Structures are given as C-alpha cells and as structure tokens.
Amino acid sequence: MPIKTLRIPTSDGQADAFAALPDHGDRHPGVLMYADAFGIRPVLREMALELAGHGYYVLVPNVFYRHGPTPVVDLPEHIGEEVRPALIAQLMPLIEAHITDERILSDADAYLRFLTAQPEVAAGPVAVTGYCIGGLLAMRTAAAHPDQVAAVAGFHGPVGAEGPELDRLLSKITAQVHLGHAETDLTPEALGELNQALDAAGVDYTSEIYPGTVHGFTMSDTDAFDPAALQHHWDRLLPLLGRTLGNG
C-alpha cells in the first residue's frame with residue numbers, strides 16, 4: 001500500500017503530513033489520525049498502513065508543524081523509560097504552544113478540508129482517531145465538526161476537559177465514540193465520572209480501561225507497548241469505523 005508525503009495548507013503555513021491508502025484505485029472513507037506526543041515516526045506509518053489495509057484513506061499530520069517539519073525532536077529507535085523524561089521535557093513547550101483551543105480548531109478545519117478534498121477519498125462522513133495527546137485533538141475535532149465526523153476514537157489520551165467544560169464539549173459530539181484508557185491514566189472512579197458525563201450528553205459511546213496497561217500501550221517502539229492491548233484497540237476501532245463509514 002502506498003504512502004504519500006503531503007503538505008496541508010493552514011492559516012499559519014503548511015503542515016507536513018503523510019497519507020496511507022489502499023493500493024487499488026477506488027475512493028475510500030477518510031480517517032484523520034492524530035499521532036501521540038512523540039509524533040510521526042515509523043510506528044505511526046505502520047499503524048496507518050494497517051488501517052489503510054482495511055480500506056481507509058488515513059491522513060496523519062504533524063501537529064507541531066509551526067516548530068518545524070518531522071521529526072520535531074530526535075527520537076531513538078526505541079523510546080525506553082531511561083530516555084522518556086528528557087524527551088517529554090523537550091516536547092512540553094511544543095505541546096503548550098501548539099495545543100491551544102484556537103490552534104486546535106484552526107488546524108482541524110484545515111486537516112478536514114484537505115482530507116475531504118483528496119481524489120482518493122469518498123464523499124460522506126469521516127472518522128478521527130488519536131493517541132495520547134492526539135485523543136484530545138480527536139475529541140475536539142469531532143465536537144467542532146459534528147456534521148462531518150461520524151466516528152471518533154481516542155486511546156491512552158486525555159479528553160482534555162472537566163466539569164462544565166467537559167459537558168459543553170460532549171454536548172457538541174454527534175459521532176459514535178470509543179475511548180480506550182490505560183490503567184495508569186484513569187482510575188475506575190474517574191472512568192465512572194467520565195462515562196456518566198457521556199451518558200448525560202447522550203453520546204453513543206464505549207469507554208473502558210484496558211486491563212493491565214500503562215500510558216502509550218499501542219506504541220510498539222516504547223516500553224509501554226502491550227501487544228494484547230494493541231489488538232484490543234483494533235478490535236474496537238475497526239467495527240466502529242465499519243458501522244459509521246459504511247465500510248464494513
């Protein structure tokens with residue numbers, strides 16, 4: 001399956017990105033995939049290609065493009081616990097600068113406009129998925145584009161809101177939602193509160209803690225990787241996309 005290197009026009013310049021797509025010439029449902037905080041790297045290409053193999057056009061932007069093109073920090077082949085704190089320290093200023101309400105919404109507009117304009121992308125609704133901080137971006141994108149986003153999934157990532165702000169966010173979401181939480185990220189009590197808010201907002205969702213997992217469990221280039229949890233993620237994500245994008 002091919003990978004295309006792309007540049008997405010935004011209000012602040014151009015975001016470097018890549019797309020993974022099936023190798024036959026039909027048009028395919030579109031998926032916007034937000035990377036985790038470590039950004040675009042081989043494992044993200046592998047995951048996008050896996051999803052493309054199920055019949056989707058998968059667009060993965062560099063959300064830190066204002067700082068520079070991928071890679072925004074030098075990453076080792078394997079992100080072990082011995083290097084993780086130093087990498088997070090490098091990334092935190094970028095997260096604080098780029099993950100603001102104004103920039104999230106402006107960039108989401110640009111990414112969806114670009115995705116839906118691609119000749120290989122079918123007309124109709126799209127899905128948004130995200131990992132780590134990308135889960136927050138996915139939820140914000142779905143809330144801002146209820147007429148376009150039919151499915152949203154976030155894995156080992158924050159929802160990014162609490163209390164009345166969370167209620168306002170969820171009230172705007174019309175997409176079907178799956179949230180897969182790491183055991184180290186969310187207590188059962190906090191999960192209950194989140195799910196209660198999803199219920200109150202009338203969201204069609206599944207939201208669960210993946211047993212025995214730590215933050216980052218989908219990423220095979222980190223110490224957090226859990227192969228069984230990655231498979232569980234696919235077992236939740238693929239049926240969600242099949243139901244909502246008509247690609248079952």
# chains A, B, ... in the order shown; residues from 1 in each chain; ligands from 1
call {"tool": "residues_around", "arguments": {"residues": "Pro125 (chain A)", "least_positions_apart": "2", "cutoff": "10 Å", "atoms": "only C-alpha atoms", "output": "VMD selection string"}}
result
chain A and resid 29 to 31 116 122 to 123 127 146 to 151 175 244 to 246
call {"tool": "select_by_dssp", "arguments": {"residues": "region 6-128 of chain A", "states": "alpha helix (DSSP H)", "output": "count of residues only"}}
result
43
call {"tool": "closest_residue", "arguments": {"among": "A:His67, A:His24, A:His98, A:His178", "to": "Met139 (chain A)", "atoms": "only C-alpha atoms"}}
result
A:His178
call {"tool": "select_by_dssp", "arguments": {"residues": "region 78-245 of chain A", "states": "strand (DSSP E)", "output": "PyMOL selection string"}}
result
chain A and resi 126-131+149-155+176-182+205-210
call {"tool": "write_last_selection", "arguments": {"atoms": "N, CA and C atoms", "output": "JSON list (two decimals), in the first residue's frame"}}
result
[["chain", "number", "residue", "atom", "x", "y", "z"],
["A", 126, "VAL", "N", -16.44, 11.28, 7.79],
["A", 126, "VAL", "CA", -15.09, 10.81, 8.07],
["A", 126, "VAL", "C", -15.00, 10.39, 9.53],
["A", 127, "ALA", "N", -13.87, 9.79, 9.88],
["A", 127, "ALA", "CA", -13.58, 9.43, 11.26],
["A", 127, "ALA", "C", -12.32, 10.13, 11.71],
["A", 128, "VAL", "N", -12.18, 10.28, 13.02],
["A", 128, "VAL", "CA", -10.98, 10.87, 13.61],
["A", 128, "VAL", "C", -10.53, 9.96, 14.75],
["A", 129, "THR", "N", -9.25, 9.63, 14.76],
["A", 129, "THR", "CA", -8.70, 8.82, 15.84],
["A", 129, "THR", "C", -7.41, 9.46, 16.33],
["A", 130, "GLY", "N", -7.09, 9.21, 17.60],
["A", 130, "GLY", "CA", -5.90, 9.84, 18.17],
["A", 130, "GLY", "C", -5.34, 9.05, 19.32],
["A", 131, "TYR", "N", -4.05, 9.24, 19.54],
["A", 131, "TYR", "CA", -3.30, 8.53, 20.57],
["A", 131, "TYR", "C", -2.63, 9.55, 21.49],
["A", 149, "VAL", "N", -17.92, 14.48, 11.15],
["A", 149, "VAL", "CA", -17.24, 13.39, 11.86],
["A", 149, "VAL", "C", -18.28, 12.41, 12.41],
["A", 150, "ALA", "N", -18.26, 11.20, 11.86],
["A", 150, "ALA", "CA", -19.22, 10.17, 12.27],
["A", 150, "ALA", "C", -18.68, 9.24, 13.33],
["A", 151, "ALA", "N", -17.36, 9.19, 13.49],
["A", 151, "ALA", "CA", -16.75, 8.31, 14.49],
["A", 151, "ALA", "C", -15.51, 8.99, 15.03],
["A", 152, "VAL", "N", -15.29, 8.81, 16.34],
["A", 152, "VAL", "CA", -14.08, 9.34, 16.97],
["A", 152, "VAL", "C", -13.60, 8.31, 17.98],
["A", 153, "ALA", "N", -12.28, 8.08, 17.99],
["A", 153, "ALA", "CA", -11.68, 7.13, 18.93],
["A", 153, "ALA", "C", -10.41, 7.74, 19.51],
["A", 154, "GLY", "N", -10.25, 7.59, 20.81],
["A", 154, "GLY", "CA", -9.06, 8.07, 21.49],
["A", 154, "GLY", "C", -8.49, 6.98, 22.37],
["A", 155, "PHE", "N", -7.16, 6.83, 22.35],
["A", 155, "PHE", "CA", -6.50, 5.77, 23.09],
["A", 155, "PHE", "C", -5.40, 6.34, 23.98],
["A", 176, "GLN", "N", -20.22, 8.56, 16.90],
["A", 176, "GLN", "CA", -20.04, 7.43, 17.80],
["A", 176, "GLN", "C", -18.61, 7.47, 18.33],
["A", 177, "VAL", "N", -18.44, 7.14, 19.60],
["A", 177, "VAL", "CA", -17.18, 7.36, 20.30],
["A", 177, "VAL", "C", -16.68, 6.05, 20.92],
["A", 178, "HIS", "N", -15.37, 5.82, 20.80],
["A", 178, "HIS", "CA", -14.72, 4.81, 21.64],
["A", 178, "HIS", "C", -13.52, 5.44, 22.31],
["A", 179, "LEU", "N", -13.41, 5.25, 23.61],
["A", 179, "LEU", "CA", -12.27, 5.71, 24.39],
["A", 179, "LEU", "C", -11.65, 4.50, 25.08],
["A", 180, "GLY", "N", -10.36, 4.26, 24.79],
["A", 180, "GLY", "CA", -9.62, 3.17, 25.40],
["A", 180, "GLY", "C", -8.56, 3.72, 26.31],
["A", 181, "HIS", "N", -8.75, 3.58, 27.61],
["A", 181, "HIS", "CA", -7.90, 4.22, 28.61],
["A", 181, "HIS", "C", -6.85, 3.25, 29.14],
["A", 182, "ALA", "N", -5.69, 3.77, 29.46],
["A", 182, "ALA", "CA", -4.67, 2.98, 30.17],
["A", 182, "ALA", "C", -5.02, 2.91, 31.63],
["A", 205, "TYR", "N", -21.50, 5.71, 22.83],
["A", 205, "TYR", "CA", -20.08, 5.51, 23.13],
["A", 205, "TYR", "C", -19.80, 4.15, 23.76],
["A", 206, "THR", "N", -18.53, 3.77, 23.71],
["A", 206, "THR", "CA", -17.93, 2.80, 24.61],
["A", 206, "THR", "C", -16.71, 3.47, 25.22],
["A", 207, "SER", "N", -16.46, 3.20, 26.48],
["A", 207, "SER", "CA", -15.35, 3.84, 27.19],
["A", 207, "SER", "C", -14.91, 2.87, 28.27],
["A", 208, "GLU", "N", -13.65, 2.43, 28.19],
["A", 208, "GLU", "CA", -13.21, 1.37, 29.07],
["A", 208, "GLU", "C", -11.72, 1.50, 29.37],
["A", 209, "ILE", "N", -11.33, 0.95, 30.50],
["A", 209, "ILE", "CA", -9.92, 0.81, 30.86],
["A", 209, "ILE", "C", -9.44, -0.52, 30.30],
["A", 210, "TYR", "N", -8.33, -0.48, 29.55],
["A", 210, "TYR", "CA", -7.75, -1.71, 29.03],
["A", 210, "TYR", "C", -6.90, -2.33, 30.16]]
call {"tool": "residues_around", "arguments": {"residues": "Ala200 (chain A)", "least_positions_apart": "2", "cutoff": "9 Å", "atoms": "only C-alpha atoms", "output": "ChimeraX atom specification"}}
result
/A:167,170-171,195-198,202-203
call {"tool": "closest_residue", "arguments": {"among": "A:Gly80, A:Leu237, A:Ala86, A:Ala144", "to": "Phe225 (chain A)", "atoms": "only C-alpha atoms"}}
result
A:Gly80
call {"tool": "atom_distance", "arguments": {"atom1": "CA of Tyr56 (chain A)", "atom2": "CA of Pro22 (chain A)"}}
result
6.8 Å
call {"tool": "closest_residue", "arguments": {"among": "A:Ala143, A:Ala190, A:Leu230, A:Gly157", "to": "Leu169 (chain A)", "atoms": "only C-alpha atoms"}}
result
A:Ala143
